Amino acid sequence: MRNLFKVLVASLALGVAAPALAQYEYKPPWQVEKEEKERLLELQEQSVQKFQRWKNVARVNLGVTFFYSEYYNCNYWYGYYPPSTYSCGSGSWVSYIPFTVGPQVDINLGGMNNLSVGFNVFLGTATGTVYSGLAAESVSRSVTIWEPTVDYVAKLGPPSNTAGRFRVGGGMYIGPNSELGWAFRIGGGASFFNLSRVGIGLDLVLEGGAYNGYWIGGLQLVASPELHF
């Protein structure tokens with residue numbers, strides 16, 4: 001009787017365990033590791049997708065630009081000095097450090113690639129040197145220059161609250177009396193609160209080119225409120 005009871009208990013245990021054993025599938029360690037990595041990646045993507053991912057950016061740049069340029073005649077930078085009294089020979093220079101303001105829009109072209117279109121307005125005083133005989137004199141003129149710009153912008157890294165960016169492009173200078181110039185632009189920056197509707201941007205841009213027929217170079221430092229859309 002006792003042996004019969006043991007047999008019944010064993011049979012019942014096997015009957016309960018059989019479905020679980022039938023569902024078990026042996027997996028080699030490499031397959032278990034691969035599936036775990038895929039699961040973690042999927043959870044990470046789902047976490048990022050909880051935030052709104054804005055693709056385009058509109059901003060207003062506010063800052064300062066440091067320009068330096070050589071010039072060779074007394075009509076340059078909008079001051080006229082009679083050659084009978086003054087001279088502006090080779091090696092004369094002008095410093096221009098204007099307040100910089102202007103709108104800019106980054107349009108996403110897919111992935112990390114963006115087209116950035118905007119313009120800057122430079123508002124400041126150009127200071128240069130003229131000579132009366134052997135005596136050097138510093139002269140200043142109020143100058144406003146407009147600069148339409150077009151840049152390629154690469155936004156670096158995965159979607160996150162802080163995103164870096166690299167830009168390269170060109171600009172056109174339009175000054176008083178329809179005087180023109182051009183510039184090659186290269187720089188970098190970052191956008192903060194990038195996953196929110198409103199953020200803040202910081203950029204540093206180097207410019208080099210010609211204005212009114214003479215070499216000009218500049219360093220632009222700007223901060224910008226940003227609207228992501």
# chains A, B, ... in the order shown; residues from 1 in each chain; ligands from 1

call {"tool": "residues_around", "arguments": {"residues": "Leu115 in chain A", "least_positions_apart": "2", "cutoff": "12 Å", "atoms": "only C-alpha atoms", "output": "count of residues only"}}
result
27

call {"tool": "atom_distance", "arguments": {"atom1": "CA of Asn194 in chain A", "atom2": "CA of Ser224 in chain A"}}
result
12.8 Å

call {"tool": "atom_distance", "arguments": {"atom1": "CA of Arg59 in chain A", "atom2": "CA of Ser116 in chain A"}}
result
10.5 Å

call {"tool": "select_by_dssp", "arguments": {"residues": "range 72-228 of chain A", "states": "strand (DSSP E)", "output": "ChimeraX atom specification"}}
result
/A:92-96,99-110,113-132,135-156,162-174,180-192,198-211,214-228

call {"tool": "atom_distance", "arguments": {"atom1": "CA of Tyr214 in chain A", "atom2": "CA of Gly181 in chain A"}}
result
8.7 Å

call {"tool": "residues_around", "arguments": {"residues": "Glu207 in chain A", "least_positions_apart": "2", "cutoff": "8 Å", "atoms": "only C-alpha atoms", "output": "list in words"}}
result
Ala183, Phe184, Arg185, Ile186, Val205, Gly209, Gly217, Gly218, Leu219 and Gln220 of chain A

call {"tool": "write_last_selection", "arguments": {"atoms": "C-alpha atoms", "output": "JSON list (two decimals), in the first residue's frame"}}
result
[["chain", "number", "residue", "atom", "x", "y", "z"],
["A", 183, "ALA", "CA", 33.18, 85.27, -46.11],
["A", 184, "PHE", "CA", 33.91, 81.59, -45.57],
["A", 185, "ARG", "CA", 32.41, 80.42, -42.25],
["A", 186, "ILE", "CA", 33.33, 77.51, -39.99],
["A", 205, "VAL", "CA", 32.09, 80.95, -35.71],
["A", 209, "GLY", "CA", 37.10, 86.62, -46.73],
["A", 217, "GLY", "CA", 38.65, 88.17, -40.73],
["A", 218, "GLY", "CA", 36.30, 87.77, -37.80],
["A", 219, "LEU", "CA", 35.46, 85.77, -34.69],
["A", 220, "GLN", "CA", 31.77, 85.56, -33.80]]

call {"tool": "closest_residue", "arguments": {"among": "A:Pro98, A:Ile145, A:Trp54, A:Gly188", "to": "Tyr173 in chain A", "atoms": "only C-alpha atoms"}}
result
A:Ile145

call {"tool": "closest_residue", "arguments": {"among": "A:Glu137, A:Glu42, A:Glu179, A:Glu147", "to": "Pro103 in chain A", "atoms": "only C-alpha atoms"}}
result
A:Glu147

call {"tool": "decode", "arguments": {"residues": "range 101-115 of chain A", "atoms": "all heavy atoms", "output": "PDB file, in the first residue's frame"}}
result
ATOM      1  N   VAL A 101      23.296  90.638 -34.136  1.00  0.00           N
ATOM      2  CA  VAL A 101      21.953  90.119 -33.918  1.00  0.00           C
ATOM      3  C   VAL A 101      21.403  89.619 -35.245  1.00  0.00           C
ATOM      4  O   VAL A 101      21.704  90.177 -36.304  1.00  0.00           O
ATOM      5  CB  VAL A 101      21.027  91.205 -33.311  1.00  0.00           C
ATOM      6  CG1 VAL A 101      20.916  92.413 -34.235  1.00  0.00           C
ATOM      7  CG2 VAL A 101      19.643  90.641 -32.993  1.00  0.00           C
ATOM      8  N   GLY A 102      20.594  88.568 -35.190  1.00  0.00           N
ATOM      9  CA  GLY A 102      19.986  88.088 -36.418  1.00  0.00           C
ATOM     10  C   GLY A 102      19.277  86.756 -36.252  1.00  0.00           C
ATOM     11  O   GLY A 102      19.655  85.947 -35.397  1.00  0.00           O
ATOM     12  N   PRO A 103      18.258  86.507 -37.068  1.00  0.00           N
ATOM     13  CA  PRO A 103      17.529  85.235 -37.020  1.00  0.00           C
ATOM     14  C   PRO A 103      18.226  84.151 -37.832  1.00  0.00           C
ATOM     15  O   PRO A 103      19.004  84.439 -38.751  1.00  0.00           O
ATOM     16  CB  PRO A 103      16.182  85.595 -37.645  1.00  0.00           C
ATOM     17  CG  PRO A 103      16.524  86.678 -38.631  1.00  0.00           C
ATOM     18  CD  PRO A 103      17.653  87.454 -38.023  1.00  0.00           C
ATOM     19  N   GLN A 104      17.920  82.901 -37.497  1.00  0.00           N
ATOM     20  CA  GLN A 104      18.503  81.761 -38.207  1.00  0.00           C
ATOM     21  C   GLN A 104      17.579  80.558 -38.053  1.00  0.00           C
ATOM     22  O   GLN A 104      16.987  80.360 -36.984  1.00  0.00           O
ATOM     23  CB  GLN A 104      19.884  81.452 -37.620  1.00  0.00           C
ATOM     24  CG  GLN A 104      20.745  80.527 -38.454  1.00  0.00           C
ATOM     25  CD  GLN A 104      22.153  80.460 -37.886  1.00  0.00           C
ATOM     26  OE1 GLN A 104      22.346  80.136 -36.711  1.00  0.00           O
ATOM     27  NE2 GLN A 104      23.140  80.772 -38.699  1.00  0.00           N
ATOM     28  N   VAL A 105      17.438  79.778 -39.104  1.00  0.00           N
ATOM     29  CA  VAL A 105      16.584  78.589 -39.087  1.00  0.00           C
ATOM     30  C   VAL A 105      17.387  77.392 -39.580  1.00  0.00           C
ATOM     31  O   VAL A 105      18.029  77.457 -40.630  1.00  0.00           O
ATOM     32  CB  VAL A 105      15.330  78.779 -39.970  1.00  0.00           C
ATOM     33  CG1 VAL A 105      14.501  77.508 -39.985  1.00  0.00           C
ATOM     34  CG2 VAL A 105      14.491  79.948 -39.483  1.00  0.00           C
ATOM     35  N   ASP A 106      17.376  76.304 -38.788  1.00  0.00           N
ATOM     36  CA  ASP A 106      17.991  75.037 -39.187  1.00  0.00           C
ATOM     37  C   ASP A 106      16.895  74.103 -39.685  1.00  0.00           C
ATOM     38  O   ASP A 106      15.967  73.775 -38.938  1.00  0.00           O
ATOM     39  CB  ASP A 106      18.707  74.373 -38.006  1.00  0.00           C
ATOM     40  CG  ASP A 106      19.903  75.177 -37.525  1.00  0.00           C
ATOM     41  OD1 ASP A 106      20.252  76.176 -38.180  1.00  0.00           O
ATOM     42  OD2 ASP A 106      20.478  74.802 -36.488  1.00  0.00           O
ATOM     43  N   ILE A 107      17.008  73.673 -40.936  1.00  0.00           N
ATOM     44  CA  ILE A 107      16.029  72.774 -41.533  1.00  0.00           C
ATOM     45  C   ILE A 107      16.651  71.391 -41.671  1.00  0.00           C
ATOM     46  O   ILE A 107      17.678  71.226 -42.335  1.00  0.00           O
ATOM     47  CB  ILE A 107      15.577  73.298 -42.909  1.00  0.00           C
ATOM     48  CG1 ILE A 107      14.995  74.707 -42.776  1.00  0.00           C
ATOM     49  CG2 ILE A 107      14.553  72.360 -43.547  1.00  0.00           C
ATOM     50  CD1 ILE A 107      14.747  75.403 -44.088  1.00  0.00           C
ATOM     51  N   ASN A 108      16.035  70.392 -41.033  1.00  0.00           N
ATOM     52  CA  ASN A 108      16.583  69.048 -41.051  1.00  0.00           C
ATOM     53  C   ASN A 108      16.422  68.406 -42.417  1.00  0.00           C
ATOM     54  O   ASN A 108      15.341  68.405 -43.012  1.00  0.00           O
ATOM     55  CB  ASN A 108      15.908  68.188 -39.982  1.00  0.00           C
ATOM     56  CG  ASN A 108      16.518  66.798 -39.900  1.00  0.00           C
ATOM     57  OD1 ASN A 108      15.957  65.827 -40.403  1.00  0.00           O
ATOM     58  ND2 ASN A 108      17.672  66.697 -39.276  1.00  0.00           N
ATOM     59  N   LEU A 109      17.518  67.841 -42.939  1.00  0.00           N
ATOM     60  CA  LEU A 109      17.510  67.173 -44.241  1.00  0.00           C
ATOM     61  C   LEU A 109      17.498  65.656 -44.102  1.00  0.00           C
ATOM     62  O   LEU A 109      17.531  64.944 -45.095  1.00  0.00           O
ATOM     63  CB  LEU A 109      18.742  67.603 -45.046  1.00  0.00           C
ATOM     64  CG  LEU A 109      18.904  69.106 -45.284  1.00  0.00           C
ATOM     65  CD1 LEU A 109      20.197  69.385 -46.033  1.00  0.00           C
ATOM     66  CD2 LEU A 109      17.709  69.670 -46.042  1.00  0.00           C
ATOM     67  N   GLY A 110      17.437  65.188 -42.862  1.00  0.00           N
ATOM     68  CA  GLY A 110      17.476  63.751 -42.602  1.00  0.00           C
ATOM     69  C   GLY A 110      18.687  63.382 -41.772  1.00  0.00           C
ATOM     70  O   GLY A 110      19.815  63.788 -42.097  1.00  0.00           O
ATOM     71  N   GLY A 111      18.470  62.658 -40.691  1.00  0.00           N
ATOM     72  CA  GLY A 111      19.581  62.245 -39.845  1.00  0.00           C
ATOM     73  C   GLY A 111      20.273  63.422 -39.196  1.00  0.00           C
ATOM     74  O   GLY A 111      19.642  64.331 -38.664  1.00  0.00           O
ATOM     75  N   MET A 112      21.602  63.461 -39.278  1.00  0.00           N
ATOM     76  CA  MET A 112      22.389  64.517 -38.662  1.00  0.00           C
ATOM     77  C   MET A 112      22.545  65.749 -39.551  1.00  0.00           C
ATOM     78  O   MET A 112      23.106  66.761 -39.135  1.00  0.00           O
ATOM     79  CB  MET A 112      23.787  63.983 -38.327  1.00  0.00           C
ATOM     80  CG  MET A 112      24.585  63.577 -39.554  1.00  0.00           C
ATOM     81  SD  MET A 112      26.210  62.875 -39.147  1.00  0.00           S
ATOM     82  CE  MET A 112      27.072  64.327 -38.575  1.00  0.00           C
ATOM     83  N   ASN A 113      22.046  65.700 -40.777  1.00  0.00           N
ATOM     84  CA  ASN A 113      22.280  66.748 -41.773  1.00  0.00           C
ATOM     85  C   ASN A 113      21.214  67.841 -41.727  1.00  0.00           C
ATOM     86  O   ASN A 113      20.020  67.554 -41.723  1.00  0.00           O
ATOM     87  CB  ASN A 113      22.322  66.137 -43.176  1.00  0.00           C
ATOM     88  CG  ASN A 113      23.350  65.028 -43.278  1.00  0.00           C
ATOM     89  OD1 ASN A 113      24.523  65.234 -42.999  1.00  0.00           O
ATOM     90  ND2 ASN A 113      22.909  63.840 -43.662  1.00  0.00           N
ATOM     91  N   ASN A 114      21.678  69.098 -41.720  1.00  0.00           N
ATOM     92  CA  ASN A 114      20.777  70.241 -41.640  1.00  0.00           C
ATOM     93  C   ASN A 114      21.267  71.369 -42.534  1.00  0.00           C
ATOM     94  O   ASN A 114      22.478  71.549 -42.727  1.00  0.00           O
ATOM     95  CB  ASN A 114      20.691  70.762 -40.207  1.00  0.00           C
ATOM     96  CG  ASN A 114      20.145  69.737 -39.236  1.00  0.00           C
ATOM     97  OD1 ASN A 114      18.956  69.707 -38.953  1.00  0.00           O
ATOM     98  ND2 ASN A 114      21.017  68.870 -38.728  1.00  0.00           N
ATOM     99  N   LEU A 115      20.322  72.144 -43.064  1.00  0.00           N
ATOM    100  CA  LEU A 115      20.620  73.361 -43.813  1.00  0.00           C
ATOM    101  C   LEU A 115      20.226  74.543 -42.941  1.00  0.00           C
ATOM    102  O   LEU A 115      19.081  74.645 -42.495  1.00  0.00           O
ATOM    103  CB  LEU A 115      19.842  73.388 -45.135  1.00  0.00           C
ATOM    104  CG  LEU A 115      20.040  74.650 -45.990  1.00  0.00           C
ATOM    105  CD1 LEU A 115      21.474  74.702 -46.519  1.00  0.00           C
ATOM    106  CD2 LEU A 115      19.038  74.682 -47.146  1.00  0.00           C
TER     107      LEU A 115
END
